[in-house]
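S.K.: Data: final_16.tsv, TSV, C-alpha atoms.
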chain	number	residue	atom	x	y	z
A	432	MET	CA	11.42	-10.93	-4.00
A	433	ASP	CA	11.70	-12.70	-7.34
A	434	ALA	CA	12.97	-15.88	-5.70
A	435	VAL	CA	10.62	-16.17	-2.74
A	436	THR	CA	7.74	-13.72	-2.59
A	437	TYR	CA	6.50	-13.04	-6.12
A	438	PRO	CA	6.23	-16.72	-7.09
A	439	ALA	CA	4.03	-17.54	-4.08
A	440	PRO	CA	0.46	-18.32	-5.17
A	441	GLU	CA	-1.08	-16.10	-2.50
A	442	VAL	CA	1.03	-13.16	-3.71
A	443	GLU	CA	0.08	-13.74	-7.32
A	444	SER	CA	-3.54	-13.81	-6.27
A	445	ALA	CA	-3.24	-10.62	-4.20
A	446	LEU	CA	-1.43	-8.75	-6.97
A	447	ALA	CA	-4.19	-9.64	-9.42
A	448	ALA	CA	-6.18	-6.77	-7.88
A	449	PHE	CA	-3.48	-4.29	-8.95
A	450	ALA	CA	-1.75	-3.08	-12.06
A	451	PRO	CA	1.72	-4.17	-10.95
A	452	LEU	CA	4.79	-2.40	-12.26
A	453	LYS	CA	8.44	-3.13	-11.73
A	454	LEU	CA	10.95	-0.36	-12.30
A	455	ASP	CA	14.72	-0.80	-12.44
A	456	THR	CA	16.06	2.26	-10.66
A	457	SER	CA	19.61	1.53	-11.82
A	458	ALA	CA	18.67	2.12	-15.45
A	459	TRP	CA	19.70	5.75	-15.89
A	460	GLN	CA	17.54	7.86	-18.12
A	461	PRO	CA	17.78	11.56	-19.01
A	462	ASP	CA	14.89	12.49	-16.78
A	463	TYR	CA	15.87	10.27	-13.90
A	464	ALA	CA	16.42	13.26	-11.61
A	465	ASP	CA	12.81	14.18	-12.19
A	466	LEU	CA	11.74	10.68	-11.20
A	467	LEU	CA	13.66	10.87	-7.92
A	468	GLN	CA	12.17	14.27	-7.19
A	469	ARG	CA	8.71	12.85	-7.62
A	470	VAL	CA	9.38	9.59	-5.83
A	471	PRO	CA	12.25	10.03	-3.39
A	472	LEU	CA	13.88	6.65	-2.90
A	473	THR	CA	16.40	5.98	-0.17
A	474	TRP	CA	16.70	2.22	-0.57
A	475	THR	CA	15.56	-0.58	-2.81
A	476	PRO	CA	13.31	-2.32	-3.07
A	477	THR	CA	10.77	0.37	-2.34
A	478	PHE	CA	7.14	-0.55	-2.89
A	479	ILE	CA	4.48	2.06	-3.56
A	480	VAL	CA	0.74	1.60	-3.95
A	481	THR	CA	-1.45	4.29	-5.43
A	482	ASP	CA	-5.13	4.43	-6.11
A	483	HIS	CA	-6.25	4.46	-9.74
A	484	GLY	CA	-5.80	8.23	-9.75
A	485	GLY	CA	-2.12	8.03	-8.84
A	486	ARG	CA	-2.55	9.06	-5.20
A	487	GLU	CA	-0.02	7.29	-3.02
A	488	VAL	CA	-1.64	5.41	-0.14
A	489	ARG	CA	1.15	3.16	1.10
A	490	ARG	CA	4.91	2.79	0.84
A	491	TRP	CA	7.29	0.30	2.38
A	492	VAL	CA	10.89	-0.76	2.00
A	493	GLY	CA	12.74	-4.06	1.95
A	494	PHE	CA	12.16	-7.73	1.34
A	495	GLU	CA	9.14	-9.34	2.95
A	496	PRO	CA	8.00	-12.98	2.92
A	497	PRO	CA	4.72	-13.79	1.19
A	498	GLY	CA	2.41	-13.57	4.22
A	499	THR	CA	3.64	-10.16	5.28
A	500	PHE	CA	3.68	-8.88	1.72
A	501	VAL	CA	0.07	-9.91	1.14
A	502	ALA	CA	-0.90	-8.15	4.37
A	503	GLU	CA	0.83	-4.99	3.10
A	504	LEU	CA	-1.24	-5.14	-0.07
A	505	GLU	CA	-4.45	-5.60	1.91
A	506	LEU	CA	-3.59	-2.65	4.14
A	507	ALA	CA	-3.03	-0.62	0.99
A	508	ARG	CA	-6.38	-1.65	-0.45
A	509	ALA	CA	-8.06	-0.78	2.83
A	510	ALA	CA	-6.43	2.66	2.69
A	511	ILE	CA	-7.84	3.12	-0.82
A	512	ASP	CA	-11.26	2.06	0.43
A	513	ARG	CA	-11.15	4.68	3.19
A	514	LEU	CA	-9.81	7.34	0.82
A	515	HIS	CA	-12.80	6.74	-1.41
A	516	GLY	CA	-15.38	6.76	1.39
A	517	ARG	CA	-15.78	2.99	1.70
A	518	ALA	CA	-15.06	2.64	5.40
A	519	ALA	CA	-17.15	-0.51	5.89
A	520	GLU	CA	-15.33	-2.23	3.05
A	521	ALA	CA	-12.02	-1.15	4.55
A	522	ARG	CA	-12.96	-2.61	7.92
A	523	ALA	CA	-14.05	-5.89	6.32
A	524	ARG	CA	-10.73	-6.06	4.50
A	525	LEU	CA	-8.74	-5.36	7.66
A	526	GLU	CA	-10.45	-7.72	10.08
A	527	PRO	CA	-8.95	-10.93	8.61
A	528	LEU	CA	-5.48	-9.44	9.13
A	529	VAL	CA	-5.84	-9.48	12.93
A	530	GLY	CA	-3.57	-12.16	14.32
A	531	GLY	CA	-1.33	-12.06	11.25
A	532	PRO	CA	2.06	-10.47	10.68
A	533	LEU	CA	0.68	-6.91	10.53
A	534	SER	CA	-1.99	-7.44	13.16
A	535	ALA	CA	-1.17	-4.38	15.25
A	536	GLU	CA	-1.45	-1.99	12.32
A	537	ALA	CA	-4.63	-3.70	11.14
A	538	LEU	CA	-6.26	-3.16	14.53
A	539	TYR	CA	-5.26	0.49	14.48
A	540	TRP	CA	-6.87	1.05	11.08
A	541	ILE	CA	-9.95	-0.99	12.03
A	542	GLY	CA	-10.50	1.58	14.73
A	543	VAL	CA	-10.08	4.40	12.23
A	544	ALA	CA	-12.44	2.73	9.76
A	545	ARG	CA	-15.04	2.36	12.48
A	546	PHE	CA	-14.63	6.03	13.31
A	547	ASN	CA	-15.01	6.85	9.61
A	548	GLU	CA	-18.24	4.84	9.55
A	549	THR	CA	-19.83	6.36	12.63
A	550	GLY	CA	-18.16	9.72	13.20
A	551	GLU	CA	-18.00	8.72	16.88
A	552	LYS	CA	-14.69	8.71	18.71
A	553	HIS	CA	-15.95	5.91	20.92
A	554	SER	CA	-15.92	3.64	17.87
A	555	LEU	CA	-12.16	3.58	18.24
A	556	LEU	CA	-12.26	2.05	21.70
A	557	GLU	CA	-12.96	-1.63	21.06
A	558	PRO	CA	-10.32	-2.25	18.37
A	559	TRP	CA	-7.79	-0.01	20.06
A	560	ASP	CA	-8.36	-1.71	23.42
A	561	GLU	CA	-7.68	-4.99	21.64
A	562	LEU	CA	-4.58	-3.45	20.08
A	563	MET	CA	-3.26	-2.38	23.47
A	564	ARG	CA	-4.01	-5.82	24.90
A	565	ARG	CA	-2.56	-7.93	22.08
A	566	HIS	CA	0.34	-5.82	20.87
A	567	PRO	CA	1.36	-3.48	23.70
A	568	GLU	CA	5.00	-3.16	22.62
A	569	THR	CA	4.31	-1.90	19.11
A	570	ILE	CA	4.42	1.61	17.70
A	571	TRP	CA	0.75	1.15	16.82
A	572	ALA	CA	-0.12	0.71	20.48
A	573	GLN	CA	1.79	3.92	21.23
A	574	ARG	CA	-0.21	5.71	18.55
A	575	ALA	CA	-3.44	4.45	20.08
A	576	ASP	CA	-2.39	5.32	23.61
A	577	CYS	CA	-4.95	8.09	23.97
A	578	LEU	CA	-7.90	5.97	24.98
A	579	ASP	CA	-8.40	7.67	28.32
A	580	THR	CA	-8.81	10.97	26.50
A	581	ILE	CA	-11.38	9.39	24.21
A	582	ARG	CA	-13.26	7.86	27.14
A	583	GLY	CA	-13.35	11.29	28.69
B	1096	MET	CA	6.95	-1.79	-23.74
B	1097	GLN	CA	3.38	-0.65	-23.32
B	1098	ARG	CA	2.97	3.00	-24.20
B	1099	GLN	CA	-0.78	3.23	-23.81
B	1100	THR	CA	-2.29	3.26	-20.38
B	1101	PRO	CA	-5.50	4.48	-18.83
B	1102	LEU	CA	-3.64	5.47	-15.69
B	1103	ARG	CA	-2.99	9.13	-15.17
B	1104	GLU	CA	-0.22	10.65	-17.18
B	1105	GLU	CA	1.21	12.41	-14.16
B	1106	PHE	CA	2.16	9.05	-12.73
B	1107	ILE	CA	2.68	6.71	-15.62
B	1108	GLY	CA	3.39	9.12	-18.42
B	1109	ALA	CA	5.79	11.45	-16.73
B	1110	MET	CA	7.40	9.01	-14.40
B	1111	ALA	CA	7.34	5.50	-15.62
B	1112	ILE	CA	6.94	4.88	-19.30
B	1113	ASP	CA	10.48	5.81	-20.24
B	1114	TRP	CA	11.96	3.98	-17.29
B	1115	LEU	CA	9.79	0.95	-17.26
B	1116	THR	CA	11.74	-2.26	-17.57
B	1117	ASP	CA	8.83	-4.59	-16.99
B	1118	VAL	CA	5.15	-3.85	-17.37
B	1119	ALA	CA	3.71	-6.84	-15.65
B	1120	ALA	CA	0.10	-5.93	-16.21
B	1121	GLY	CA	-0.22	-3.18	-18.75
B	1122	VAL	CA	-2.94	-5.16	-20.43
B	1123	ALA	CA	-4.76	-5.74	-17.16
B	1124	ALA	CA	-4.62	-2.04	-16.40
B	1125	ARG	CA	-6.30	-1.23	-19.68
B	1126	LYS	CA	-9.00	-3.78	-18.97
B	1127	ASP	CA	-9.76	-2.20	-15.61
B	1128	PRO	CA	-8.74	1.46	-15.34
B	1129	ARG	CA	-10.04	1.58	-11.78
B	1130	ARG	CA	-7.37	-0.86	-10.69
B	1131	PRO	CA	-4.90	0.50	-8.14
B	1132	LEU	CA	-1.23	0.58	-9.01
B	1133	PHE	CA	1.51	-1.41	-7.32
B	1134	ALA	CA	5.05	-0.33	-8.14
B	1135	ASP	CA	8.25	-2.13	-7.16
B	1136	PHE	CA	11.27	0.18	-7.46
B	1137	TRP	CA	14.18	-2.21	-7.46
B	1138	SER	CA	17.82	-2.43	-8.39
B	1139	PRO	CA	19.63	-5.53	-9.61
B	1140	GLY	CA	22.21	-7.27	-7.48
Could you rewrite the structure in this file as structure tokens?
M.R.:
Amino acid sequence: MDAVTYPAPEVESALAAFAPLKLDTSAWQPDYADLLQRVPLTWTPTFIVTDHGGREVRRWVGFEPPGTFVAELELARAAIDRLHGRAAEARARLEPLVGGPLSAEALYWIGVARFNETGEKHSLLEPWDELMRRHPETIWAQRADCLDTIRG
Amino acid sequence: MQRQTPLREEFIGAMAIDWLTDVAAGVAARKDPRRPLFADFWSPG
């Protein structure tokens, strides 16, 4: 991460929206057991994004190149938007991610954001149809594979 | 090490301050307490 991802200008720009912290999990401290109880870690690096109130909205594990990492951060910000009732902002944040490295997940959450905006299940159909069409082999397509039920 | 933060004690105070090795944007966090938190839990080597 330090050699490839963090120095990338697009990553620096994306992280400017956050208060970024870096914690060395190998540095033992008396209350380290308490830390692991609060934040169970099975591998490093583990990345966690919370909203300003400390509520975790996204977690992922392992190295990622700059483009994928920036998409992770945008998905996290979109999750914060939805958590705070800003579904339209979430959708606007997610739409540029379609076609990128986390396109399938972005389409899934675009559907959810649209549902959040309208309260109508049918709002899920267009983005989830696109998800099924563009990324049929992904777990996100499996999770959206209930369109016939939604169509009624 | 920054020991003042507007972020909630239950996250920063209890969990991180004593274990923090780098505070990349402690100052930025104080400037904008609404800023979300990104944490990289890493190990050297």
S.K.: Go through chain A and flag each residue having an atom no more than 6 Å from chain B; for those, report the closest pair of atoms plus their distance in Å to one decimal, using only C-alpha atoms, ordered by chain and rising number, as a Markdown table.
M.R.:
| residue | atom | partner | partner_atom | distance |
| --- | --- | --- | --- | --- |
| A:Phe449 | CA | B:Pro1131 | CA | 5.1 |
| A:Ala450 | CA | B:Leu1132 | CA | 4.8 |
| A:Pro451 | CA | B:Phe1133 | CA | 4.6 |
| A:Leu452 | CA | B:Ala1134 | CA | 4.6 |
| A:Lys453 | CA | B:Asp1135 | CA | 4.7 |
| A:Leu454 | CA | B:Phe1136 | CA | 4.9 |
| A:Asp455 | CA | B:Trp1137 | CA | 5.2 |
| A:Thr456 | CA | B:Ser1138 | CA | 5.5 |
| A:Ser457 | CA | B:Ser1138 | CA | 5.5 |
| A:Leu466 | CA | B:Met1110 | CA | 5.6 |
| A:Thr475 | CA | B:Trp1137 | CA | 5.1 |
| A:Pro476 | CA | B:Trp1137 | CA | 4.5 |
| A:Thr477 | CA | B:Phe1136 | CA | 5.1 |
| A:Phe478 | CA | B:Asp1135 | CA | 4.7 |
| A:Ile479 | CA | B:Ala1134 | CA | 5.2 |
| A:Val480 | CA | B:Phe1133 | CA | 4.6 |
| A:Thr481 | CA | B:Leu1132 | CA | 5.2 |
| A:Asp482 | CA | B:Pro1131 | CA | 4.4 |
| A:His483 | CA | B:Pro1131 | CA | 4.5 |
| A:Gly485 | CA | B:Phe1106 | CA | 5.9 |
S.K.: Do you have the atom CA of A:Trp474-atom CA of A:Leu504 distance handy?
M.R.: 19.4 Å
S.K.: Could you state the separation of atom CA of A:His566 and atom CA of A:Leu528 in Å, given to one decimal place?
M.R.: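 These atoms are spaced 13.6 Å apart.
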S.K.: Report as a VMD selection string all protein, DNA and RNA residues lying within 10 Å of A:Pro496, evaluated on all atoms listed in the file, omitting residues in the same chain fewer than 5 positions from it.
M.R.: chain A and resid 432 435 to 437 439 442 501
S.K.: How many Å separate atom CA of A:Trp491 from atom CA of A:Leu578?
M.R.: 27.8 Å
